[in-house]
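Novice: Dropping in input-v5.txt, which is compact mmCIF, C-alpha atoms:
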# COMPACT_ATOMS: atom_id res chain seq x y z
CA MET A 186 201.59 207.73 167.28
CA SER A 187 202.31 209.04 170.75
CA GLU A 188 198.64 209.07 171.72
CA PRO A 189 198.07 205.29 171.27
CA GLN A 190 201.37 204.62 173.00
CA ASP A 191 200.37 206.67 176.03
CA GLY A 192 196.99 204.92 176.07
CA TRP A 193 198.25 201.36 176.25
CA GLN A 194 200.89 202.31 178.81
CA VAL A 195 198.12 203.53 181.09
CA LEU A 196 196.18 200.30 180.57
CA GLN A 197 199.09 198.06 181.49
CA THR A 198 199.07 199.50 185.01
CA LYS A 199 195.46 198.27 185.39
CA PHE A 200 196.25 194.78 184.06
CA PRO A 201 199.84 193.75 184.92
CA CYS A 202 201.90 191.04 183.19
CA ARG A 203 200.20 191.54 179.82
CA THR A 204 202.18 194.47 178.41
CA THR A 205 202.84 193.01 174.96
CA GLN A 206 199.27 191.83 174.43
CA ILE A 207 197.74 195.15 175.56
CA ARG A 208 200.09 197.09 173.28
CA ASP A 209 199.33 194.98 170.20
CA ILE A 210 195.54 194.99 170.67
CA TYR A 211 195.41 198.69 171.51
CA VAL A 212 197.51 199.76 168.51
CA LEU A 213 195.52 197.49 166.15
CA PHE A 214 192.13 198.73 167.33
CA SER A 215 193.28 202.35 167.32
CA ALA A 216 192.96 202.35 163.54
CA SER A 217 190.23 204.81 162.61
CA VAL A 218 189.23 203.03 159.40
CA LEU A 219 187.72 199.57 159.01
CA PRO A 220 187.98 196.90 157.71
CA LEU A 221 191.00 195.34 159.38
CA ALA A 222 192.25 191.79 159.06
CA PRO A 223 190.62 189.46 161.64
CA LEU A 224 192.37 188.96 164.97
CA TYR A 225 192.90 185.44 166.37
CA ILE A 226 193.69 185.32 170.10
CA TYR A 227 194.64 181.98 171.59
CA GLY A 228 195.79 180.64 174.94
CA MET A 229 194.66 178.44 177.79
CA PRO A 230 191.69 179.44 180.00
CA SER A 231 192.25 182.15 182.61
CA THR A 232 195.13 183.83 180.78
CA GLY A 233 193.38 187.19 180.36
CA LYS A 234 192.21 186.99 176.73
CA LYS A 235 188.67 188.23 177.30
CA SER A 236 189.61 190.73 180.02
CA VAL A 237 192.41 192.40 178.06
CA LEU A 238 190.25 192.56 174.93
CA SER A 239 187.38 194.20 176.81
CA LEU A 240 189.77 196.59 178.56
CA CYS A 241 191.22 197.86 175.28
CA LEU A 242 187.84 198.24 173.54
CA GLU A 243 186.39 200.14 176.49
CA ALA A 244 189.42 202.43 176.65
CA LEU A 245 189.04 203.20 172.92
CA ASN A 246 185.26 203.64 173.28
CA LYS A 247 184.54 201.01 170.62
CA ARG A 248 181.25 199.15 170.24
CA LYS A 249 181.70 195.50 171.17
CA ILE A 250 179.43 192.53 170.44
CA GLU A 251 180.41 189.36 172.32
CA ILE A 252 179.12 185.90 171.38
CA ASP A 253 180.10 182.65 173.11
CA CYS A 254 180.13 179.92 170.44
CA PHE A 255 180.10 177.23 173.12
CA LEU A 256 176.56 178.28 174.07
CA CYS A 257 175.25 177.93 170.51
CA PRO A 258 173.93 174.37 170.06
CA ASN A 259 173.45 174.70 166.28
CA GLU A 260 174.15 176.96 163.30
CA ARG A 261 170.85 178.79 163.52
CA ALA A 262 171.44 179.78 167.13
CA LEU A 263 174.83 181.20 166.19
CA TYR A 264 173.58 183.16 163.17
CA GLU A 265 170.57 184.62 164.93
CA SER A 266 172.56 185.50 168.06
CA ILE A 267 175.01 187.54 165.99
CA LEU A 268 172.29 189.29 163.98
CA ASN A 269 170.18 190.05 167.07
CA ARG A 270 173.11 191.66 168.85
CA LEU A 271 174.25 193.64 165.82
CA CYS A 272 170.81 195.22 165.28
CA ASN A 273 170.06 195.58 169.04
CA HIS A 274 167.11 193.20 168.82
CA THR A 275 166.04 191.28 171.95
CA PRO A 276 163.54 188.39 171.64
CA CYS A 277 160.81 189.00 174.23
CA ARG A 278 157.12 188.47 174.91
CA ASP A 279 156.13 191.49 172.80
CA ASN A 280 157.68 190.06 169.63
CA GLY A 281 156.78 186.46 170.42
CA PHE A 282 160.39 185.65 171.33
CA GLN A 283 161.27 185.81 167.65
CA SER A 284 164.69 186.69 166.31
CA TRP A 285 165.26 189.67 164.05
CA LYS A 286 165.44 187.37 161.01
CA LYS A 287 164.94 183.65 160.74
CA THR A 288 168.36 182.40 159.64
CA GLU A 289 169.01 178.71 159.11
CA ARG A 290 171.63 178.71 156.35
CA LEU A 291 174.96 180.42 155.86
CA ALA A 292 173.72 182.13 152.69
CA ASP A 293 170.81 183.63 154.64
CA PHE A 294 173.22 184.84 157.31
CA VAL A 295 175.40 186.70 154.78
CA ARG A 296 172.32 188.19 153.07
CA HIS A 297 170.82 189.40 156.34
CA LEU A 298 174.19 190.74 157.40
CA ASN A 299 174.17 193.06 154.38
CA GLU A 300 170.62 194.19 155.27
CA LEU A 301 171.48 195.35 158.78
CA PRO A 302 170.28 198.91 159.41
CA CYS A 303 173.12 199.70 161.83
CA LYS A 304 176.39 200.74 160.17
CA GLU A 305 178.26 201.89 163.28
CA PRO A 306 181.86 200.54 163.48
CA THR A 307 181.50 197.36 165.53
CA TYR A 308 183.91 194.77 166.89
CA LEU A 309 182.44 191.26 166.89
CA VAL A 310 184.17 189.04 169.47
CA LEU A 311 183.54 185.29 169.18
CA LEU A 312 184.63 183.30 172.24
CA HIS A 313 185.55 179.58 172.12
CA VAL A 314 185.64 179.63 168.34
CA ASP A 315 187.12 176.11 168.31
CA ALA A 316 183.52 174.91 168.81
CA LEU A 317 182.76 176.06 165.24
CA VAL A 318 185.12 173.44 163.79
CA SER A 319 182.60 170.66 164.44
CA LEU A 320 179.49 172.86 164.36
CA CYS A 321 179.86 174.88 161.15
CA PRO A 322 183.40 175.15 159.69
CA ARG A 323 182.15 177.07 156.64
CA THR A 324 180.93 179.85 158.90
CA LEU A 325 184.44 180.15 160.34
CA ILE A 326 185.83 180.59 156.82
CA VAL A 327 183.26 183.29 156.00
CA LEU A 328 184.03 185.18 159.22
CA LEU A 329 187.74 185.09 158.42
CA GLU A 330 187.05 186.43 154.91
CA LEU A 331 184.07 188.64 155.68
CA GLU A 332 185.31 191.42 153.42
CA LYS A 333 185.18 189.05 150.44
CA TYR A 334 181.68 187.64 151.08
CA SER A 335 179.94 190.70 152.52
CA THR A 336 179.71 194.46 152.17
CA CYS A 337 179.97 194.95 155.96
CA HIS A 338 183.17 196.98 155.96
CA TRP A 339 182.15 198.45 159.31
CA LEU A 340 182.49 195.09 161.11
CA HIS A 341 185.71 193.66 162.56
CA VAL A 342 185.91 190.04 163.69
CA THR A 343 188.00 188.86 166.64
CA LEU A 344 188.22 185.14 167.42
CA THR A 345 189.37 183.62 170.72
CA SER A 346 190.30 180.00 171.30
CA TYR A 347 192.54 177.76 173.40
CA LEU A 348 193.95 176.15 170.22
CA PRO A 349 196.96 177.53 168.32
CA TRP A 350 196.09 178.65 164.82
CA GLU A 351 198.12 175.84 163.23
CA LYS A 352 196.04 173.21 165.06
CA LEU A 353 192.78 174.87 164.07
CA LYS A 354 193.86 175.28 160.48
CA GLU A 355 194.53 171.54 160.18
CA GLN A 356 190.77 171.00 160.46
CA LEU A 357 190.13 173.42 157.57
CA LEU A 358 192.39 171.81 154.96
CA SER A 359 189.40 171.02 152.76
CA PHE A 360 189.03 174.76 152.18
CA GLN A 361 191.51 176.38 149.82
CA ASN A 362 193.52 179.51 150.65
CA VAL A 363 192.21 180.11 154.15
CA THR A 364 192.96 183.66 155.26
CA THR A 365 195.52 183.85 158.06
CA PRO A 366 194.45 186.43 160.66
CA PHE A 367 196.58 188.47 163.01
CA LEU A 368 197.80 186.03 165.66
CA LEU A 369 198.23 186.90 169.33
CA TRP A 370 199.26 184.41 172.00
CA PHE A 371 198.40 184.66 175.70
CA PRO A 372 200.80 182.35 177.57
CA ASN A 373 200.00 180.86 180.96
CA TYR A 374 200.81 182.99 183.96
CA SER A 375 203.97 181.96 185.74
CA TRP A 376 204.06 181.59 189.51
CA ASN A 377 205.61 185.03 189.94
CA GLU A 378 203.09 186.66 187.60
CA CYS A 379 200.18 185.13 189.53
CA ALA A 380 201.69 186.44 192.75
CA THR A 381 202.08 189.93 191.28
CA ILE A 382 198.48 190.05 190.03
CA LEU A 383 196.97 188.73 193.25
CA GLU A 384 198.99 191.14 195.38
CA LYS A 385 197.75 194.03 193.25
CA MET A 386 194.09 192.97 193.18
CA LEU A 387 193.73 191.83 196.80
CA LEU A 388 191.67 194.45 198.64
CA THR A 389 192.91 195.20 202.17
CA GLU A 390 193.25 198.10 204.53
CA PRO A 391 196.50 200.10 204.18
CA LYS A 392 197.80 198.94 207.56
CA TYR A 393 197.80 195.30 206.34
CA GLU A 394 199.70 196.07 203.14
CA LYS A 395 202.95 194.50 204.35
CA PHE A 396 201.22 191.15 205.00
CA LYS A 397 199.80 190.74 201.48
CA ARG A 398 203.01 189.45 199.93
CA PRO A 399 203.72 186.58 202.39
CA PHE A 400 200.04 185.65 202.45
CA VAL A 401 199.62 185.46 198.67
CA ARG A 402 202.80 183.46 198.24
CA THR A 403 201.74 181.04 200.96
CA VAL A 404 198.42 180.40 199.20
CA LEU A 405 200.10 180.00 195.81
CA ASP A 406 202.60 177.50 197.18
CA VAL A 407 199.65 175.24 198.00
CA LEU A 408 197.07 175.97 195.29
CA TYR A 409 198.99 177.20 192.21
CA HIS A 410 198.74 173.85 190.40
CA ALA A 411 195.33 172.93 191.86
CA ILE A 412 193.29 176.02 190.91
CA PRO A 413 194.15 177.25 187.39
CA TYR A 414 191.73 180.20 187.40
CA LEU A 415 192.79 183.59 188.68
CA ASP A 416 189.28 184.69 189.63
CA GLN A 417 188.88 181.65 191.88
CA LEU A 418 192.29 182.23 193.45
CA LEU A 419 191.46 185.89 194.06
CA ARG A 420 188.11 185.07 195.68
CA LEU A 421 189.76 182.49 197.91
CA CYS A 422 192.54 184.91 198.92
CA GLN A 423 190.01 187.60 199.70
CA GLN A 424 188.13 185.29 202.06
CA LEU A 425 191.13 183.71 203.78
CA PHE A 426 193.00 186.96 204.37
CA GLN A 427 190.68 187.86 207.27
CA VAL A 428 191.47 184.54 208.94
CA TYR A 429 195.17 185.04 208.25
CA ILE A 430 195.47 188.42 209.98
CA HIS A 431 192.91 187.90 212.76
CA PRO A 432 195.46 187.09 215.55
CA ILE A 433 197.36 190.35 214.95
CA GLU A 434 194.49 192.77 214.40
CA GLN A 435 195.00 194.37 217.80
CA ALA A 436 198.78 194.61 217.48
CA VAL A 437 199.32 195.14 213.78
CA ASP A 438 201.75 198.05 214.26
CA SER A 439 204.11 196.05 216.44
CA THR A 440 204.06 193.00 214.16
CA SER A 441 206.76 192.73 211.52
CA SER A 442 206.45 191.08 208.14
CA HIS A 443 208.87 188.41 209.40
CA ASP A 444 206.35 187.42 212.09
CA ALA A 445 203.76 186.89 209.36
CA SER A 446 205.28 183.50 208.57
CA LYS A 447 203.85 182.25 211.88
CA LEU A 448 200.31 183.03 210.68
CA TYR A 449 200.38 180.18 208.18
CA SER A 450 198.86 177.77 210.71
CA ASN A 451 195.66 179.84 210.77
CA ILE A 452 194.77 179.08 207.16
CA LEU A 453 196.39 175.66 206.79
CA PRO A 454 193.19 173.69 207.67
CA TYR A 455 191.19 175.73 205.15
CA LEU A 456 193.74 175.16 202.40
CA LYS A 457 193.76 171.44 203.14
CA GLN A 458 189.98 171.21 202.98
CA ARG A 459 189.97 173.26 199.79
CA LEU A 460 192.32 170.76 198.16
CA ASP A 461 190.21 167.85 199.40
CA GLY A 462 187.11 169.47 197.94
CA ILE A 463 188.73 170.05 194.54
CA TYR A 464 189.89 166.49 194.11
CA CYS A 465 186.79 164.95 195.74
CA HIS A 466 188.86 162.73 198.02
CA GLN A 467 187.00 163.79 201.15
CA PRO A 468 183.62 165.28 202.05
CA PRO A 469 183.16 169.08 201.91
CA LEU A 470 184.63 171.41 204.49
CA ALA A 471 184.42 169.93 207.96
CA ASP A 472 184.09 171.86 211.16
CA ILE A 473 187.67 172.86 211.88
CA ARG A 474 186.86 175.28 214.67
CA ASN A 475 188.04 173.05 217.49
CA GLU A 476 188.11 173.96 221.16
CA ASN A 477 191.58 175.50 220.98
CA ARG A 478 190.59 177.85 218.16
CA LYS A 479 187.15 178.99 219.25
CA ASP A 480 188.53 182.07 220.95
CA ILE A 481 190.51 183.02 217.83
CA LEU A 482 187.80 182.54 215.23
CA ALA A 483 184.75 183.36 217.31
CA ASN A 484 184.27 186.73 215.60
CA VAL A 485 185.43 185.75 212.12
CA ILE A 486 182.64 185.25 209.60
CA ILE A 487 183.52 182.65 207.01
CA ASP A 488 181.16 181.63 204.24
CA GLU A 489 181.87 177.91 204.27
CA GLN A 490 179.70 177.35 201.23
CA GLN A 491 182.44 179.06 199.20
CA TYR A 492 184.79 176.21 200.06
CA ARG A 493 182.45 173.57 198.74
CA LEU A 494 182.27 172.52 195.16
CA SER A 495 179.69 174.93 193.75
CA LEU A 496 177.84 172.48 191.53
CA THR A 497 174.21 172.80 190.53
CA ASN A 498 171.85 169.82 190.49
CA THR A 499 172.25 169.70 186.71
CA ALA A 500 176.05 169.45 187.02
CA LYS A 501 175.71 166.69 189.63
CA LEU A 502 173.38 164.78 187.30
CA LEU A 503 175.94 165.11 184.52
CA CYS A 504 178.63 163.72 186.85
CA ILE A 505 176.38 160.77 187.69
CA ALA A 506 175.68 160.18 184.01
CA ALA A 507 179.41 160.41 183.24
CA TYR A 508 180.22 157.78 185.85
CA MET A 509 177.56 155.42 184.47
CA ALA A 510 178.50 156.02 180.83
CA SER A 511 182.11 155.22 181.67
CA HIS A 512 181.43 152.13 183.80
CA ILE A 513 178.45 150.48 182.08
CA SER A 514 179.02 148.67 178.81
CA PRO A 515 177.22 150.23 175.81
CA LYS A 516 175.80 146.76 175.08
CA ARG A 517 173.50 147.22 178.10
CA ASP A 518 172.03 150.52 176.86
CA SER A 519 168.87 148.79 175.68
CA LYS A 520 168.20 147.68 179.26
CA ILE A 521 168.81 151.22 180.52
CA PHE A 522 166.59 153.03 178.03
CA THR A 523 163.56 150.71 178.28
CA LYS A 524 160.93 150.64 181.01
CA LYS A 525 161.40 146.89 181.25
CA SER A 526 164.62 147.47 183.18
CA THR A 527 162.69 148.97 186.10
CA ARG A 528 160.74 145.73 186.54
CA VAL A 529 163.78 143.46 186.75
CA LYS A 530 163.51 141.11 189.66
CA LYS A 531 165.69 141.46 192.70
CA HIS A 532 167.79 138.34 192.08
CA ARG A 533 168.38 139.49 188.50
CA ARG A 534 169.76 142.78 189.76
CA ARG A 535 172.23 140.98 191.95
CA THR A 536 173.50 138.87 189.10
CA ASN A 537 174.00 141.96 186.96
CA SER A 538 176.26 143.58 189.56
CA SER A 539 179.25 141.88 187.97
CA THR A 540 178.68 143.81 184.73
CA LEU A 541 180.30 146.92 186.17
CA THR A 542 183.35 147.54 183.98
CA GLU A 543 186.46 149.62 184.35
CA ALA A 544 186.42 153.14 182.98
CA ILE A 545 185.69 153.14 179.24
CA PRO A 546 185.55 156.14 176.86
CA PHE A 547 182.14 157.48 175.86
CA ARG A 548 180.73 160.15 173.58
CA LEU A 549 178.79 163.18 174.74
CA GLU A 550 175.64 161.99 172.97
CA ARG A 551 175.53 158.79 175.05
CA LEU A 552 176.07 160.70 178.28
CA LEU A 553 173.19 163.08 177.46
CA ALA A 554 170.89 160.14 176.72
CA ILE A 555 171.67 158.64 180.14
CA TYR A 556 171.24 162.10 181.69
CA ARG A 557 167.70 162.39 180.30
CA VAL A 558 166.77 158.97 181.67
CA ILE A 559 168.05 159.88 185.14
CA GLN A 560 166.32 163.27 185.03
CA GLN A 561 162.94 161.60 184.63
CA GLN A 562 163.28 160.12 188.12
CA LEU A 563 163.61 163.53 189.76
CA ASP A 564 160.83 165.83 190.86
CA GLU A 565 160.43 169.05 188.93
CA SER A 566 161.29 170.93 192.13
CA PHE A 567 164.75 169.37 192.14
CA THR A 568 165.73 170.23 188.58
CA GLU A 569 164.11 171.66 185.51
CA LYS A 570 164.64 170.68 181.91
CA GLU A 571 167.54 172.87 180.95
CA SER A 572 167.98 174.39 177.51
CA SER A 573 170.83 173.13 175.37
CA GLY A 574 172.88 176.25 176.06
CA VAL A 575 172.55 175.99 179.83
CA LEU A 576 173.29 172.27 179.69
CA LEU A 577 176.50 172.94 177.77
CA VAL A 578 177.53 175.51 180.38
CA GLN A 579 177.14 172.89 183.13
CA TRP A 580 179.04 170.38 180.98
CA LYS A 581 181.90 172.88 180.66
CA THR A 582 181.84 173.34 184.44
CA ILE A 583 182.40 169.66 185.21
CA CYS A 584 185.09 169.56 182.51
CA ASP A 585 186.86 172.48 184.20
CA TYR A 586 186.71 170.61 187.51
CA HIS A 587 188.23 167.57 185.73
CA PHE A 588 185.28 165.29 186.49
CA VAL A 589 185.57 164.23 182.84
CA LEU A 590 188.60 164.33 180.56
CA PRO A 591 188.55 164.46 176.73
CA ILE A 592 190.35 161.74 174.80
CA ARG A 593 191.19 162.60 171.22
CA THR A 594 192.84 160.33 168.71
CA GLY A 595 195.64 162.04 166.80
CA SER A 596 194.85 165.65 165.92
CA SER A 597 191.10 165.13 165.50
CA LEU A 598 189.00 167.77 167.21
CA THR A 599 185.59 166.64 166.04
CA ASN A 600 183.32 164.39 168.07
CA PRO A 601 185.82 163.54 170.82
CA LYS A 602 185.37 160.84 173.43
CA TYR A 603 185.55 161.37 177.17
CA VAL A 604 186.45 159.31 180.22
CA SER A 605 185.01 159.82 183.68
CA GLN A 606 187.15 160.82 186.65
CA VAL A 607 184.18 160.67 189.05
CA THR A 608 184.97 158.35 191.93
CA GLU A 609 182.54 155.76 193.26
CA GLU A 610 182.25 157.73 196.51
CA THR A 611 181.34 160.90 194.61
CA PHE A 612 178.80 158.97 192.52
CA HIS A 613 177.04 157.63 195.61
CA ALA A 614 177.26 161.01 197.38
CA PHE A 615 175.62 162.89 194.50
CA SER A 616 172.99 160.17 194.11
CA LYS A 617 172.13 160.43 197.81
CA GLN A 618 171.96 164.24 197.69
CA LEU A 619 169.50 164.12 194.80
CA GLY A 620 167.51 161.23 196.26
CA LEU A 621 168.23 158.85 193.39
CA GLN A 622 168.16 155.07 193.73
CA LEU A 623 170.46 154.24 190.83
CA THR A 624 172.31 151.31 192.32
CA PRO A 625 169.50 148.75 191.98
CA TYR A 626 168.08 150.41 188.88
CA PHE A 627 171.23 149.85 186.84
CA GLY A 628 172.43 146.70 188.57
CA LEU A 629 175.49 148.26 190.19
CA ASP A 630 177.15 147.30 193.46
Could you write out this structure as structure tokens?

Specialist:
Amino acid sequence: MSEPQDGWQVLQTKFPCRTTQIRDIYVLFSASVLPLAPLYIYGMPSTGKKSVLSLCLEALNKRKIEIDCFLCPNERALYESILNRLCNHTPCRDNGFQSWKKTERLADFVRHLNELPCKEPTYLVLLHVDALVSLCPRTLIVLLELEKYSTCHWLHVTLTSYLPWEKLKEQLLSFQNVTTPFLLWFPNYSWNECATILEKMLLTEPKYEKFKRPFVRTVLDVLYHAIPYLDQLLRLCQQLFQVYIHPIEQAVDSTSSHDASKLYSNILPYLKQRLDGIYCHQPPLADIRNENRKDILANVIIDEQQYRLSLTNTAKLLCIAAYMASHISPKRDSKIFTKKSTRVKKHRRRTNSSTLTEAIPFRLERLLAIYRVIQQQLDESFTEKESSGVLLVQWKTICDYHFVLPIRTGSSLTNPKYVSQVTEETFHAFSKQLGLQLTPYFGLD
């Protein structure tokens, strides 16, 4: 028992503030014999679920297969993705981009699972498993009770989600005696925990070590509630730290940590522009190198593109479609989806400008239909027809940036509605960037 204990204690030094979670996962996966009961890990995004899981499996030298359920548009894509990864099969030109086995039904998936040639102990990690509730709930039941439905005793299933198990189980009440897995919660990082992690992970020269603490805490005071993702905070800190310490580079030995509080003014304009970019209240980063600061920042290289909202053309189109789906009445969809709407006379367009409504909820299907109509106006050089998986990734991106917010009634998780948070200025800005003339086309002011 001492060996696993020593192992997880070493790992906690690599990933601070997750001692309990690392200990539980490491001890559970240290078992030499499978099968084990499934593991259900839940918590909000950017709480370390995936990172801690990967860290423990790598330390134990276990084979890991990772599948993101959010990127699977249908049941067949999910089944074939799992089977392809388990048997090390890659669809390519040589095999005609075919999967290992054509699998459209759950019964076929279980049968092919028993036919797999590889029997090496494997840990199957399914990310965003809450997507299976609306996609294929029966598959979720089978994965939780894999030992009962399959002979794959060499396979362990780990599920990750942002939903607590009780909330997820409410959607599975139609199934009797659902197996309860091991439950492990990853709480949100507190302010002090974020500061500890960023101080540890921020890469600097040893002579600047004493300035890391005041710098990180200054950034967190401004952006802790605005940027919920640690990787984004770390990247931002890594870039701004050079601006922060630039005035004292020549006299770092004679500068005390108390004097570091005066360096806040160096990064204040960047933090302000970062906030403006996140909430889309102002244009992207402006030129803040005024005449009084040219001598200070002349030799500092800053990648200003990192301070802009890193949205692809597809994500911008989805934002445009979200704004229109939320502000145009569904009764006018027939005018949007027919070619006749493009031949409406000029005076008719002006009279329709009053049909712009306040923000109304919409379903994802309606937004995607509007997205396809808008996409037809663009040149192929601007955007390509994305696959369903890539499109869902871009949809998740604009959800993470809070361009759209889900609205669920009660505890229902299936087929939710959304409301747009895209401002009119952002709508016109994205339309102008992509060269779209949507204002007259849809009769908007």

Novice: Which of these residues is nearest to Leu418 (chain A), using only C-alpha atoms: A:Ser231, A:Leu263, A:Leu340, A:Asn246?

Specialist: A:Ser231

Novice: With distances taken over only C-alpha atoms, which residue among A:Lys199, A:Arg517, A:Lys286, A:His313 lies nearest Lys234 (chain A)?

Specialist: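 Nearest candidate to Lys234 (chain A) out of A:Lys199, A:Arg517, A:Lys286, A:His313: A:His313.
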
Novice: Which residues come within 9 Å of Phe371 (chain A), counting only C-alpha atoms, excluding same-chain residues fewer than 3 positions away, as JSON, numbers by chain?

Specialist: {"A": [203, 206, 226, 227, 228, 229, 232, 233, 234, 374]}

Novice: Quick one: residues within 7 Å of His338 (chain A), all atoms listed in the file counted, chain neighbours fewer than 5 positions away excluded, as a list in words?

Specialist: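 Once the adjacent positions are removed, what remains is Leu219, Pro220 and Glu332 of chain A.
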
Novice: So, counting only C-alpha atoms, which residue among A:Val363, A:Leu240, A:Val318, A:Ala222 is closest to Arg208 (chain A)?

Specialist: A:Leu240

Novice: Env of Asn451 (chain A): 10 Å cut, atoms = only C-alpha atoms, seq-sep filter 3 positions within chain, self excluded. Answer as a PDB file with C-alpha atoms, keeping the file's coordinate frame.

Specialist:
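The file below, part19.pdb, is the result:
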ATOM      1  CA  LEU A 425     191.130 183.710 203.780  1.00  0.00           C
ATOM      2  CA  PHE A 426     193.000 186.960 204.370  1.00  0.00           C
ATOM      3  CA  VAL A 428     191.470 184.540 208.940  1.00  0.00           C
ATOM      4  CA  TYR A 429     195.170 185.040 208.250  1.00  0.00           C
ATOM      5  CA  ILE A 430     195.470 188.420 209.980  1.00  0.00           C
ATOM      6  CA  HIS A 431     192.910 187.900 212.760  1.00  0.00           C
ATOM      7  CA  PRO A 432     195.460 187.090 215.550  1.00  0.00           C
ATOM      8  CA  LYS A 447     203.850 182.250 211.880  1.00  0.00           C
ATOM      9  CA  LEU A 448     200.310 183.030 210.680  1.00  0.00           C
ATOM     10  CA  PRO A 454     193.190 173.690 207.670  1.00  0.00           C
ATOM     11  CA  TYR A 455     191.190 175.730 205.150  1.00  0.00           C
ATOM     12  CA  LEU A 456     193.740 175.160 202.400  1.00  0.00           C
ATOM     13  CA  ARG A 478     190.590 177.850 218.160  1.00  0.00           C
ATOM     14  CA  ILE A 481     190.510 183.020 217.830  1.00  0.00           C
ATOM     15  CA  LEU A 482     187.800 182.540 215.230  1.00  0.00           C
TER      16      LEU A 482
END

Novice: Find the residue from A:Ser511, A:Leu503, A:Leu369, A:Phe214 that sits nearest to Val558 (chain A); use all atoms listed in the file when measuring.

Specialist: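 Going through A:Ser511, A:Leu503, A:Leu369, A:Phe214 one by one, the smallest distance to Val558 (chain A) is for A:Leu503.
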
Novice: What gap, in Å, lies between CA of Val237 (chain A) and CA of Leu196 (chain A)?

Specialist: 9.1 Å

Novice: Using only C-alpha atoms, list the residues that have an atom at most 8 Å from (180.4, 161.7, 180.8), coordinates as in the file, as a ChimeraX atom specification.

Specialist: /A:503-504,506-511,547-549,552,589,603-605

Novice: Tell me, in Å to one decimal, how far CA of Tyr211 (chain A) is from CA of Glu305 (chain A).

Specialist: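 The value is 19.3 Å.
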
Novice: Near Trp193 (chain A), within 9 Å and counting all atoms listed in the file, which residues show up once chain neighbours fewer than 6 positions away are dropped, as a ChimeraX atom specification?

Specialist: /A:204,207-212,241,244

Novice: Could you check how far CA of Ile505 (chain A) sits from CA of Ala411 (chain A), in Å to one decimal?

Specialist: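 CA of Ile505 (chain A) sits 22.9 Å away from CA of Ala411 (chain A).
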
Novice: Please work out which residues fall within 12 Å of (188.1, 175.9, 152.4), coordinates as given in the file, with all atoms listed in the file counting, and return them as a list in words.

Specialist: Pro322, Arg323, Thr324, Leu325, Ile326, Val327, Leu329, Glu330, Lys354, Glu355, Gln356, Leu357, Leu358, Ser359, Phe360, Gln361, Asn362, Val363 and Thr364 of chain A

Novice: Identify, on the basis of only C-alpha atoms, every residue whose closest approach to Asp293 (chain A) does not exceed 12 Å; exclude the query and any residue fewer than 5 positions from it along the same chain; express the result as a VMD selection string.

Specialist: chain A and resid 260 to 261 264 to 265 268 286 to 288 298 to 300 324 335

Novice: Given the choices A:Gln417, A:Gln435, A:Asn273, A:Asn280, which gets closest to Tyr393 (chain A) if the distance is worked out from only C-alpha atoms?

Specialist: A:Gln435
